[in-house]
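Single-structure report; data block below.
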Amino acid sequence: MNMAQERMRRWRLILGDACEGKAGQKFVLSQEDRKRDGALAFLYDQDKRGRRGGYGDSAPSVSRWLGDIRTYFPDSLVQVLQQEALERLHLKSLLLDPELLSSIKPDIQLVTQLMALNDVIPEETRTTARQVVRTVVDELMQRLEEPLRSAVTGALDRATHIRRPRHAEIDWNSTIRANLQHWQADYHALVPQKLIGYGRKARRVQREIVLCVDQSGSMAESIVYSSLYGAVMASLPSLTTRIVFFDTEIADMTEYCTDPVDILFGAQLGGGTDINRAVTYCRELIREPRNTIFVLISDLYEGGVEHELLRQAAEMKESGVTMITLLALSDSGAPSYDRELGAKLAALGVPSFACTPDQFPGLMAAAIRKEDVSLWAANQDIAVIPAAQAR
């Protein structure tokens with residue numbers, strides 16, 4: 001097939017058979033392309049009277065359709081088509097069918113759909129739904145867990161180094177690196193001028209982490225990543241980690257941190273937003289303000305009392321809490337958020353910006369080292385809401 005024919009073929013699959021005749025010719029599809037055309041017709045032509053899909057009057061069942069798209073389209077497009085189907089064909093109710101649910105290719109968008117349907121999933125389907133979510137969680141954890149562990153433990157190690165350690169507390173790797181210039185070639189020995197080690201702080205909890213996560217529907221992907229990272233940090237003995245979900249109510253998910261799947265099925269997407277109430281609750285959890293990192297993950301569309309929220313943020317900063325606002329923790333690009341409230345928080349010294357999951361370990365490491373988080377974000381080419389925009 002030459003380039004012109006290939007171009008015609010692609011346009012025919014995009015536009016459907018309604019375009020035939022208008023271009024002055026009829027393009028004959030191969031048998032495999034007719035199957036592709038039928039799958040696309042099933043999804044996109046339900047509201048058109050002038051075109052019948054490739055399967056004619058007997059449109060395929062959804063289960064068969066899901067099998068077809070996995071056969072005839074690449075994985076990246078399969079995920080797009082699944083999402084389109086959920087909206088265009090109103091398939092949310094069909095997700096309650098265990099056989100159908102097990103046939104769908106799991107991805108993070110499907111997880112957010114299951115979270116949204118959590119209250120209405122029947123008991124006989126819940127096990128299948130958890131298996132689907134477990135598959136996605138395990139895949140994400142393989143990618144995300146080790147970078148966060150390494151970043152956090154490395155930052156904690158640097159935060160607790162002491163210069164007069166006892167022998168059992170010497171950090172030999174750091175000591176050798178710090179004294180390489182004192183290598184004595186004649187004696188084939190390194191004579192350290194200073195010792196670096198771990199102090200007593202390394203044997204107790206060093207930082208308190210509070211993740212305060214907005215449950216509004218627009219934050220669904222952020223909830224998934226927050227749950228995963230919350231579970232990882234909860235497993236580190238040097239951290240005390242709490243994770244709190246909120247809308248107009250509060251859901252403390254800390255007891256479920258051993259399993260991110262339990263956290264996700266405890267989420268209740270949708271509803272209003274009362275950030276001030278959530279912050280009030282979280283402040284009561286803080287024991288050592290100067291060793292606490294408070295991460296508010298929200299698009300900042302406050303439905304509560306804004307001036308009280310700002311007052312609390314100012315008091316937290318004054319007490320020594322490191323407070324950060326993440327407008328999103330996701331791979332989905334620039335979020336919609338309340339820029340004005342973000343600017344007011346920036347004026348109080350609370351940086352507000354969106355963060356991808358891959359950037360989150362670096363952010364936590366910078367916060368643990370008590371670096372300027374705004375400067376860290378700028379060095380990562382992350383756009384931070386400037387305080388100059390506050391009114």
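The way I read the labels, and the way they are meant: chains A, B, ... in the order of the structure tokens, residue 1 as the first residue of every chain, and ligand 1 as the first ligand shown, with later ones counted on from there.
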- Message: Which of stretch 252-380 of chain A end up as alpha helix (DSSP H) when DSSP is run on this backbone - answer as an MDAnalysis selection string?
- Response: chainID A and resid 260:264 275:283 306:319 339:347 360:368 373:379
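Our summary of the geometry notes that atom CA of A:Thr241 is positioned 6.0 Å from atom CA of A:Glu208.
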- Message: DSSP on the backbone, strand (DSSP E) only: what residues of stretch 129-359 of chain A does that give? Format it as a VMD selection string.
- Response: chain A and resid 161 to 162 183 to 184 189 to 190 197 to 198 207 to 214 239 to 246 250 to 252 292 to 297 322 to 329 352 to 355
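Every protein or nucleic acid residue with an atom no more than 10 Å from A:Asp97, counting only C-alpha atoms and leaving out same-chain residues fewer than 4 positions away, appears here: Lys92, Ser93, Leu101, Ser102, Ile121, Pro122, Glu124, Thr125, Thr128 and Ala129 of chain A.
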Would you save the residues of that selection, restricted to all heavy atoms, as a PDB file, in the first residue's frame?
ATOM      1  N   LYS A  92     -20.691   2.679  33.212  1.00  0.00           N
ATOM      2  CA  LYS A  92     -20.389   2.551  34.639  1.00  0.00           C
ATOM      3  C   LYS A  92     -21.197   1.436  35.277  1.00  0.00           C
ATOM      4  O   LYS A  92     -20.713   0.695  36.122  1.00  0.00           O
ATOM      5  CB  LYS A  92     -20.646   3.886  35.348  1.00  0.00           C
ATOM      6  CG  LYS A  92     -19.633   4.961  34.985  1.00  0.00           C
ATOM      7  CD  LYS A  92     -19.850   6.220  35.788  1.00  0.00           C
ATOM      8  CE  LYS A  92     -18.799   7.263  35.450  1.00  0.00           C
ATOM      9  NZ  LYS A  92     -18.970   8.507  36.222  1.00  0.00           N
ATOM     10  N   SER A  93     -22.444   1.318  34.853  1.00  0.00           N
ATOM     11  CA  SER A  93     -23.272   0.258  35.434  1.00  0.00           C
ATOM     12  C   SER A  93     -22.757  -1.124  35.043  1.00  0.00           C
ATOM     13  O   SER A  93     -22.872  -2.086  35.811  1.00  0.00           O
ATOM     14  CB  SER A  93     -24.727   0.413  34.977  1.00  0.00           C
ATOM     15  OG  SER A  93     -24.816   0.317  33.566  1.00  0.00           O
ATOM     16  N   LEU A 101     -15.731  -6.819  34.398  1.00  0.00           N
ATOM     17  CA  LEU A 101     -14.698  -6.094  35.113  1.00  0.00           C
ATOM     18  C   LEU A 101     -13.347  -6.777  34.964  1.00  0.00           C
ATOM     19  O   LEU A 101     -12.320  -6.132  34.771  1.00  0.00           O
ATOM     20  CB  LEU A 101     -15.084  -5.985  36.592  1.00  0.00           C
ATOM     21  CG  LEU A 101     -14.230  -5.080  37.474  1.00  0.00           C
ATOM     22  CD1 LEU A 101     -14.192  -3.673  36.911  1.00  0.00           C
ATOM     23  CD2 LEU A 101     -14.780  -5.069  38.888  1.00  0.00           C
ATOM     24  N   SER A 102     -13.328  -8.100  35.033  1.00  0.00           N
ATOM     25  CA  SER A 102     -12.069  -8.829  34.924  1.00  0.00           C
ATOM     26  C   SER A 102     -11.501  -8.798  33.512  1.00  0.00           C
ATOM     27  O   SER A 102     -10.329  -9.087  33.299  1.00  0.00           O
ATOM     28  CB  SER A 102     -12.265 -10.279  35.373  1.00  0.00           C
ATOM     29  OG  SER A 102     -13.173 -10.946  34.510  1.00  0.00           O
ATOM     30  N   ILE A 121     -20.924  -0.793  44.335  1.00  0.00           N
ATOM     31  CA  ILE A 121     -20.443  -2.082  43.845  1.00  0.00           C
ATOM     32  C   ILE A 121     -21.008  -3.182  44.737  1.00  0.00           C
ATOM     33  O   ILE A 121     -20.802  -3.186  45.945  1.00  0.00           O
ATOM     34  CB  ILE A 121     -18.904  -2.145  43.858  1.00  0.00           C
ATOM     35  CG1 ILE A 121     -18.320  -1.126  42.883  1.00  0.00           C
ATOM     36  CG2 ILE A 121     -18.415  -3.544  43.495  1.00  0.00           C
ATOM     37  CD1 ILE A 121     -16.806  -1.081  42.888  1.00  0.00           C
ATOM     38  N   PRO A 122     -21.738  -4.153  44.156  1.00  0.00           N
ATOM     39  CA  PRO A 122     -22.311  -5.229  44.967  1.00  0.00           C
ATOM     40  C   PRO A 122     -21.222  -6.128  45.543  1.00  0.00           C
ATOM     41  O   PRO A 122     -20.105  -6.190  45.025  1.00  0.00           O
ATOM     42  CB  PRO A 122     -23.204  -5.984  43.989  1.00  0.00           C
ATOM     43  CG  PRO A 122     -22.667  -5.653  42.645  1.00  0.00           C
ATOM     44  CD  PRO A 122     -22.095  -4.271  42.738  1.00  0.00           C
ATOM     45  N   GLU A 124     -20.737  -9.267  45.521  1.00  0.00           N
ATOM     46  CA  GLU A 124     -20.208 -10.325  44.666  1.00  0.00           C
ATOM     47  C   GLU A 124     -19.198  -9.802  43.650  1.00  0.00           C
ATOM     48  O   GLU A 124     -18.444 -10.564  43.046  1.00  0.00           O
ATOM     49  CB  GLU A 124     -21.344 -11.056  43.932  1.00  0.00           C
ATOM     50  CG  GLU A 124     -22.181 -10.173  43.013  1.00  0.00           C
ATOM     51  CD  GLU A 124     -23.378  -9.553  43.739  1.00  0.00           C
ATOM     52  OE1 GLU A 124     -23.332  -9.479  44.986  1.00  0.00           O
ATOM     53  OE2 GLU A 124     -24.341  -9.166  43.061  1.00  0.00           O
ATOM     54  N   THR A 125     -19.176  -8.496  43.433  1.00  0.00           N
ATOM     55  CA  THR A 125     -18.237  -7.893  42.488  1.00  0.00           C
ATOM     56  C   THR A 125     -17.046  -7.256  43.189  1.00  0.00           C
ATOM     57  O   THR A 125     -16.017  -7.005  42.567  1.00  0.00           O
ATOM     58  CB  THR A 125     -18.955  -6.811  41.644  1.00  0.00           C
ATOM     59  OG1 THR A 125     -20.157  -7.355  41.126  1.00  0.00           O
ATOM     60  CG2 THR A 125     -18.095  -6.344  40.484  1.00  0.00           C
ATOM     61  N   THR A 128     -13.584  -8.886  42.801  1.00  0.00           N
ATOM     62  CA  THR A 128     -13.001  -8.658  41.476  1.00  0.00           C
ATOM     63  C   THR A 128     -12.478  -7.235  41.361  1.00  0.00           C
ATOM     64  O   THR A 128     -11.396  -7.001  40.814  1.00  0.00           O
ATOM     65  CB  THR A 128     -14.053  -8.919  40.378  1.00  0.00           C
ATOM     66  OG1 THR A 128     -14.600 -10.216  40.549  1.00  0.00           O
ATOM     67  CG2 THR A 128     -13.421  -8.805  38.998  1.00  0.00           C
ATOM     68  N   ALA A 129     -13.248  -6.282  41.868  1.00  0.00           N
ATOM     69  CA  ALA A 129     -12.818  -4.882  41.819  1.00  0.00           C
ATOM     70  C   ALA A 129     -11.507  -4.691  42.581  1.00  0.00           C
ATOM     71  O   ALA A 129     -10.600  -3.996  42.119  1.00  0.00           O
ATOM     72  CB  ALA A 129     -13.905  -3.982  42.390  1.00  0.00           C
TER      73      ALA A 129
END
- Mind checking which residues fall within 7 Å of A:Pro289, counting only C-alpha atoms, ignoring those fewer than 6 positions away in the same chain, and posting them as a ChimeraX atom specification? /A:319-321
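Here atom CA of A:Tyr225 and atom CA of A:Ile108 stand 9.5 Å from one another.
Atom CA of A:Ser216 to atom CA of A:Asp299 spans 8.9 Å [interatomic distance, one decimal].
When only C-alpha atoms are used to measure the gap to A:Gln206, the shortest distance among A:Arg12, A:Arg88, A:Arg290, A:Arg277 belongs to A:Arg290.
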- Message: When you look at A:Ala313 with a cut-off of 8 Å (counting only C-alpha atoms), what residues show up, excluding the ones that are within fewer than 6 positions of it in the same chain? I need them as a VMD selection string.
- Response: chain A and resid 323 345 348 350
- Query: Hey, which of A:Ile275, A:Ala189, A:Val133, A:Ala178 ends up closest to A:Asp107? Count only C-alpha atoms.
  - Reply: A:Val133
- Given only C-alpha atoms as the counted atoms, nearest of A:Gln82, A:Ser336, A:Ser76, A:Ser238 to A:Ala39: A:Gln82
- Please provide as a ChimeraX atom specification all residues within 10 Å of A:Arg311, with the sequence filter that same-chain residues fewer than 3 positions apart are discarded (counting only C-alpha atoms). /A:276,306-308,314-316,345,348
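Remark: for A:Leu300, the closest of the candidate residues A:Asp274, A:Asp119, A:Glu146, A:Glu288 is A:Asp274 (distances computed over only C-alpha atoms).
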- Identify, on the basis of only C-alpha atoms, every residue whose closest approach to A:Ile263 does not exceed 7 Å; exclude the query and any residue fewer than 4 positions from it along the same chain; express the result as a PyMOL selection string. chain A and resi 227+253+256-257+259+267
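Closest to A:Ala343 among A:Ile385, A:Leu363, A:Ala41, A:Leu375 is A:Ile385, based on only C-alpha atoms.
Considering only C-alpha atoms, the residue among A:Glu84, A:Glu249, A:Asp358, A:Glu318 positioned nearest to A:Gly304 is A:Glu249.
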